[in-house]
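First up is the structure itself, then whatever we jot down about it.
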Amino acid sequence: MPIVVPRAVLSIEEATYNILRLVGEDPEREGLKGTPARVAAFWVEALQGYHQDPQAVLNSFADGAEGYDEMVVLKDIPFASFCEHHMLPFSGVAHVGYVPNPDNKRIVGISKLARLVDVFAKRLQVQERLTYQVTDALMQSHLDPAGAACVVEAGHTCLACRGVKKPGAVMVTSSLCGVFLSRGEARAEFLALVRG
Ligand SMILES: [Zn+2]
């Protein structure tokens, strides 16, 4: 009895080879020979956020409890992500802030805010969700902050090179939680820091 092997799940490399073939290319020609392997390596790296836990990023060092309870803001965090509708890149900067909980006064290393953006950016995204996920992860974290805020400004390739073709247009999204919602001064201070 021959062993029946189920149809293998296509690897990204095989899928890319097929795309090249289906658009009328010759995947075997010199210039394209290494392309499926390069594309596969690229997507594995570009979408590694699916395998990263945002809370683990925020928890990785016990660098909190230093008694600071003013607003912490990291602005102009560069990122690149991919729109889930076209798998085309969108990139720009994120500004992330939080106000520590006045009772626990926990803080995280400032680089953790940049890594948090990357955890969500390295997934297929819509910009609105990326923005919300950053503040949501902060609010759900061990910091239990008084508030969290995120503003994302990005240019979308799918806006520039297909459909309405508007290169240079910048999309701005914001997510405000806790004191950033309830206290006008906190919101104004954050936005002034981000724009300053
Ligand atoms: Zn798109």
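Following the order of the structure tokens, first chain is A, next is B, and so on, with residues numbered from 1 inside each chain and ligands from 1 in the order they appear.
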For the interface of chain A with ligand 1 (cut-off 10 Å, counting only C-alpha atoms and all ligand atoms), please tabulate each contacting residue of chain A alongside its nearest pair of atoms and their separation in Å to one decimal, rows sorted by chain and increasing number, as a Markdown table.
```
| residue | atom | partner | partner_atom_place_in_ligand_line | distance |
| --- | --- | --- | --- | --- |
| A:Phe82 | CA | ligand 1 | 1 (Zn) | 7.8 |
| A:Cys83 | CA | ligand 1 | 1 (Zn) | 4.7 |
| A:Glu84 | CA | ligand 1 | 1 (Zn) | 6.4 |
| A:His85 | CA | ligand 1 | 1 (Zn) | 4.7 |
| A:His86 | CA | ligand 1 | 1 (Zn) | 4.5 |
| A:Met87 | CA | ligand 1 | 1 (Zn) | 6.7 |
| A:Leu88 | CA | ligand 1 | 1 (Zn) | 6.0 |
| A:Pro89 | CA | ligand 1 | 1 (Zn) | 8.0 |
| A:Phe90 | CA | ligand 1 | 1 (Zn) | 8.2 |
| A:Gln125 | CA | ligand 1 | 1 (Zn) | 9.1 |
| A:Val126 | CA | ligand 1 | 1 (Zn) | 8.0 |
| A:Gln127 | CA | ligand 1 | 1 (Zn) | 9.9 |
| A:His156 | CA | ligand 1 | 1 (Zn) | 7.0 |
| A:Thr157 | CA | ligand 1 | 1 (Zn) | 7.2 |
| A:Cys158 | CA | ligand 1 | 1 (Zn) | 4.6 |
| A:Leu159 | CA | ligand 1 | 1 (Zn) | 6.9 |
| A:Ala160 | CA | ligand 1 | 1 (Zn) | 9.8 |
| A:Arg162 | CA | ligand 1 | 1 (Zn) | 8.9 |
| A:Gly163 | CA | ligand 1 | 1 (Zn) | 9.5 |
```
Exercise. From range 16-132 of chain A, collect each residue whose DSSP state is alpha helix (DSSP H) and return the set as a ChimeraX atom specification.
Key: /A:16-22,35-46,54-59,110-121,127-132
Quiz item: A:Lys112, A:Lys33, A:His51, A:His95: which is nearest Ala192 in chain A, counting only C-alpha atoms?
Solution: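 Distance minimum relative to Ala192 in chain A lands on A:His95.
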Exercise. Check the smallest atom-to-atom distance from each of A:Cys177, A:Met171, A:Ile19, A:Val117 to Pro54 in chain A using only C-alpha atoms, then report the winner.
Key: A:Val117
Residues within 8 Å of Gly49 in chain A, please, as a PDB file with C-alpha atoms, in the first residue's frame. Count only C-alpha atoms; anything in the same chain fewer than 5 positions from it doesn't count.
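Generated output (result24.pdb):
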```
ATOM      1  CA  ASP A 118       7.166  47.021  16.625  1.00  0.00           C
ATOM      2  CA  VAL A 119       5.317  44.029  18.091  1.00  0.00           C
ATOM      3  CA  PHE A 120       2.105  45.346  16.529  1.00  0.00           C
ATOM      4  CA  ALA A 121       3.667  46.940  13.434  1.00  0.00           C
ATOM      5  CA  LYS A 122       5.206  43.619  12.388  1.00  0.00           C
ATOM      6  CA  ARG A 123       1.807  42.148  11.639  1.00  0.00           C
TER       7      ARG A 123
END
```
Exercise. Can you pull out every residue within 7 Å of Phe180 in chain A, counting only C-alpha atoms, but drop anything in the same chain fewer than 3 positions away, and send it as a list of chain:residue names?
Key: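 Near neighbours after the sequence-gap exclusion: A:Gly147, A:Ala148, A:Ala149, A:Leu176, A:Cys177, A:Arg183, A:Ala186, A:Arg187.
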Could you save those same residues with all heavy atoms as an mmCIF file, in the first residue's frame?
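This is the output file result27.cif:
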```cif
data_model
loop_
_atom_site.group_PDB
_atom_site.id
_atom_site.type_symbol
_atom_site.label_atom_id
_atom_site.label_comp_id
_atom_site.auth_asym_id
_atom_site.auth_seq_id
_atom_site.Cartn_x
_atom_site.Cartn_y
_atom_site.Cartn_z
ATOM 1 N N GLY A 147 -3.084 56.452 32.507
ATOM 2 C CA GLY A 147 -3.541 56.723 31.153
ATOM 3 C C GLY A 147 -2.487 56.327 30.142
ATOM 4 O O GLY A 147 -1.303 56.187 30.471
ATOM 5 N N ALA A 148 -2.915 56.117 28.889
ATOM 6 C CA ALA A 148 -1.991 55.806 27.803
ATOM 7 C C ALA A 148 -2.479 56.510 26.548
ATOM 8 O O ALA A 148 -3.692 56.680 26.358
ATOM 9 C CB ALA A 148 -1.901 54.299 27.571
ATOM 10 N N ALA A 149 -1.514 56.941 25.724
ATOM 11 C CA ALA A 149 -1.878 57.655 24.495
ATOM 12 C C ALA A 149 -0.946 57.262 23.368
ATOM 13 O O ALA A 149 0.225 56.951 23.598
ATOM 14 C CB ALA A 149 -1.799 59.174 24.729
ATOM 15 N N LEU A 176 -6.575 57.503 22.839
ATOM 16 C CA LEU A 176 -6.356 58.106 24.149
ATOM 17 C C LEU A 176 -7.138 57.312 25.193
ATOM 18 O O LEU A 176 -8.319 57.020 24.988
ATOM 19 C CB LEU A 176 -6.831 59.563 24.150
ATOM 20 C CG LEU A 176 -6.216 60.484 23.088
ATOM 21 C CD1 LEU A 176 -6.992 61.793 22.999
ATOM 22 C CD2 LEU A 176 -4.751 60.766 23.392
ATOM 23 N N CYS A 177 -6.489 56.957 26.280
ATOM 24 C CA CYS A 177 -7.151 56.188 27.350
ATOM 25 C C CYS A 177 -6.886 56.833 28.702
ATOM 26 O O CYS A 177 -5.874 57.507 28.904
ATOM 27 C CB CYS A 177 -6.620 54.751 27.404
ATOM 28 S SG CYS A 177 -6.824 53.824 25.889
ATOM 29 N N ARG A 183 -8.916 64.025 31.328
ATOM 30 C CA ARG A 183 -8.329 65.287 31.746
ATOM 31 C C ARG A 183 -7.787 66.058 30.553
ATOM 32 O O ARG A 183 -6.838 65.638 29.898
ATOM 33 C CB ARG A 183 -7.193 65.050 32.759
ATOM 34 C CG ARG A 183 -7.718 64.811 34.183
ATOM 35 C CD ARG A 183 -6.570 64.609 35.158
ATOM 36 N NE ARG A 183 -5.443 65.482 34.884
ATOM 37 C CZ ARG A 183 -4.159 65.127 35.030
ATOM 38 N NH1 ARG A 183 -3.846 63.931 35.443
ATOM 39 N NH2 ARG A 183 -3.204 65.981 34.776
ATOM 40 N N ALA A 186 -4.003 66.824 30.509
ATOM 41 C CA ALA A 186 -3.121 65.703 30.166
ATOM 42 C C ALA A 186 -3.072 65.526 28.651
ATOM 43 O O ALA A 186 -2.002 65.355 28.056
ATOM 44 C CB ALA A 186 -3.595 64.424 30.844
ATOM 45 N N ARG A 187 -4.256 65.600 28.039
ATOM 46 C CA ARG A 187 -4.333 65.451 26.579
ATOM 47 C C ARG A 187 -3.568 66.586 25.893
ATOM 48 O O ARG A 187 -2.775 66.363 24.983
ATOM 49 C CB ARG A 187 -5.802 65.445 26.141
ATOM 50 C CG ARG A 187 -6.001 65.266 24.645
ATOM 51 C CD ARG A 187 -7.437 64.910 24.322
ATOM 52 N NE ARG A 187 -8.381 65.931 24.758
ATOM 53 C CZ ARG A 187 -9.336 65.730 25.666
ATOM 54 N NH1 ARG A 187 -9.500 64.554 26.225
ATOM 55 N NH2 ARG A 187 -10.152 66.708 26.017
#
```
Quiz prompt | Atom-to-atom span, CA of Leu116 in chain A and CA of Pro167 in chain A, Å | solution =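 Rounded to one decimal, the two atoms are 27.8 Å apart.
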Quiz prompt | In range 52-136 of chain A, DSSP strand (DSSP E or B) residues written as a PyMOL selection string | solution = chain A and resi 72-83+89-99+124-125
Can you write out the residues you just picked, keeping N, CA, C and O atoms, as an mmCIF file, in the first residue's frame?
```cif
data_model
loop_
_atom_site.group_PDB
_atom_site.id
_atom_site.type_symbol
_atom_site.label_atom_id
_atom_site.label_comp_id
_atom_site.auth_asym_id
_atom_site.auth_seq_id
_atom_site.Cartn_x
_atom_site.Cartn_y
_atom_site.Cartn_z
ATOM 1 N N VAL A 72 5.184 60.220 30.695
ATOM 2 C CA VAL A 72 6.360 59.737 29.972
ATOM 3 C C VAL A 72 5.982 59.662 28.498
ATOM 4 O O VAL A 72 4.954 59.064 28.156
ATOM 5 N N VAL A 73 6.764 60.295 27.631
ATOM 6 C CA VAL A 73 6.436 60.300 26.201
ATOM 7 C C VAL A 73 7.677 59.934 25.385
ATOM 8 O O VAL A 73 8.768 60.451 25.639
ATOM 9 N N LEU A 74 7.492 58.996 24.457
ATOM 10 C CA LEU A 74 8.549 58.720 23.476
ATOM 11 C C LEU A 74 7.960 59.090 22.125
ATOM 12 O O LEU A 74 6.951 58.528 21.691
ATOM 13 N N LYS A 75 8.557 60.090 21.477
ATOM 14 C CA LYS A 75 7.982 60.546 20.216
ATOM 15 C C LYS A 75 8.864 60.174 19.035
ATOM 16 O O LYS A 75 10.034 59.814 19.212
ATOM 17 N N ASP A 76 8.273 60.258 17.839
ATOM 18 C CA ASP A 76 8.992 59.992 16.585
ATOM 19 C C ASP A 76 9.613 58.600 16.533
ATOM 20 O O ASP A 76 10.740 58.430 16.088
ATOM 21 N N ILE A 77 8.879 57.596 16.986
ATOM 22 C CA ILE A 77 9.354 56.208 16.884
ATOM 23 C C ILE A 77 9.116 55.755 15.436
ATOM 24 O O ILE A 77 7.958 55.616 15.008
ATOM 25 N N PRO A 78 10.172 55.527 14.656
ATOM 26 C CA PRO A 78 9.948 55.107 13.273
ATOM 27 C C PRO A 78 9.459 53.659 13.221
ATOM 28 O O PRO A 78 9.862 52.831 14.038
ATOM 29 N N PHE A 79 8.581 53.376 12.280
ATOM 30 C CA PHE A 79 8.101 51.994 12.147
ATOM 31 C C PHE A 79 7.741 51.749 10.689
ATOM 32 O O PHE A 79 7.530 52.691 9.918
ATOM 33 N N ALA A 80 7.673 50.478 10.315
ATOM 34 C CA ALA A 80 7.133 50.072 9.018
ATOM 35 C C ALA A 80 6.190 48.916 9.277
ATOM 36 O O ALA A 80 6.514 47.999 10.035
ATOM 37 N N SER A 81 5.007 49.001 8.676
ATOM 38 C CA SER A 81 4.033 47.930 8.837
ATOM 39 C C SER A 81 3.448 47.612 7.462
ATOM 40 O O SER A 81 3.888 48.169 6.452
ATOM 41 N N PHE A 82 2.450 46.726 7.417
ATOM 42 C CA PHE A 82 1.877 46.308 6.144
ATOM 43 C C PHE A 82 0.362 46.291 6.236
ATOM 44 O O PHE A 82 -0.192 45.708 7.174
ATOM 45 N N CYS A 83 -0.292 46.973 5.290
ATOM 46 C CA CYS A 83 -1.748 47.016 5.332
ATOM 47 C C CYS A 83 -2.305 45.632 5.018
ATOM 48 O O CYS A 83 -1.791 44.924 4.147
ATOM 49 N N PRO A 89 3.360 48.173 2.125
ATOM 50 C CA PRO A 89 3.866 48.835 3.322
ATOM 51 C C PRO A 89 3.187 50.166 3.623
ATOM 52 O O PRO A 89 2.749 50.873 2.714
ATOM 53 N N PHE A 90 3.071 50.461 4.900
ATOM 54 C CA PHE A 90 2.808 51.836 5.323
ATOM 55 C C PHE A 90 3.812 52.115 6.430
ATOM 56 O O PHE A 90 4.154 51.234 7.221
ATOM 57 N N SER A 91 4.342 53.333 6.440
ATOM 58 C CA SER A 91 5.405 53.627 7.398
ATOM 59 C C SER A 91 5.345 55.076 7.817
ATOM 60 O O SER A 91 4.756 55.925 7.142
ATOM 61 N N GLY A 92 5.934 55.341 8.959
ATOM 62 C CA GLY A 92 5.922 56.686 9.490
ATOM 63 C C GLY A 92 6.469 56.672 10.899
ATOM 64 O O GLY A 92 7.429 55.959 11.187
ATOM 65 N N VAL A 93 5.825 57.466 11.765
ATOM 66 C CA VAL A 93 6.272 57.533 13.150
ATOM 67 C C VAL A 93 5.088 57.349 14.097
ATOM 68 O O VAL A 93 3.952 57.686 13.770
ATOM 69 N N ALA A 94 5.418 56.822 15.270
ATOM 70 C CA ALA A 94 4.421 56.697 16.343
ATOM 71 C C ALA A 94 4.917 57.510 17.526
ATOM 72 O O ALA A 94 6.119 57.605 17.778
ATOM 73 N N HIS A 95 3.986 58.126 18.221
ATOM 74 C CA HIS A 95 4.290 58.839 19.463
ATOM 75 C C HIS A 95 3.504 58.129 20.563
ATOM 76 O O HIS A 95 2.280 57.960 20.436
ATOM 77 N N VAL A 96 4.200 57.720 21.604
ATOM 78 C CA VAL A 96 3.548 56.925 22.655
ATOM 79 C C VAL A 96 3.802 57.562 24.014
ATOM 80 O O VAL A 96 4.928 57.979 24.317
ATOM 81 N N GLY A 97 2.750 57.659 24.809
ATOM 82 C CA GLY A 97 2.916 58.213 26.147
ATOM 83 C C GLY A 97 2.055 57.491 27.167
ATOM 84 O O GLY A 97 1.082 56.818 26.814
ATOM 85 N N TYR A 98 2.449 57.592 28.412
ATOM 86 C CA TYR A 98 1.601 57.090 29.488
ATOM 87 C C TYR A 98 1.850 57.903 30.744
ATOM 88 O O TYR A 98 2.870 58.597 30.867
ATOM 89 N N VAL A 99 0.889 57.851 31.636
ATOM 90 C CA VAL A 99 1.041 58.479 32.950
ATOM 91 C C VAL A 99 1.051 57.348 33.973
ATOM 92 O O VAL A 99 0.093 56.570 34.035
ATOM 93 N N LEU A 124 0.157 42.098 9.845
ATOM 94 C CA LEU A 124 -0.699 42.757 8.863
ATOM 95 C C LEU A 124 -1.668 43.635 9.642
ATOM 96 O O LEU A 124 -2.268 43.193 10.624
ATOM 97 N N GLN A 125 -1.801 44.884 9.230
ATOM 98 C CA GLN A 125 -2.487 45.853 10.070
ATOM 99 C C GLN A 125 -3.405 46.774 9.288
ATOM 100 O O GLN A 125 -3.325 46.888 8.066
#
```
Exercise. To one decimal in Å, tell me the separation between CA of Thr135 in chain A and CA of Glu45 in chain A.
Key: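 Spanning CA of Thr135 in chain A to CA of Glu45 in chain A is a straight-line distance of 24.1 Å.
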Practice problem: Using only C-alpha atoms, find the one residue out of A:Asp53, A:Arg106, A:Gly31, A:Arg195 that sits nearest to Glu70 in chain A. | Solution: A:Arg106
Exercise. Give me, please, the distance in Å between CA of Val170 in chain A and CA of Leu130 in chain A, quoted to one decimal.
Key: 15.5 Å
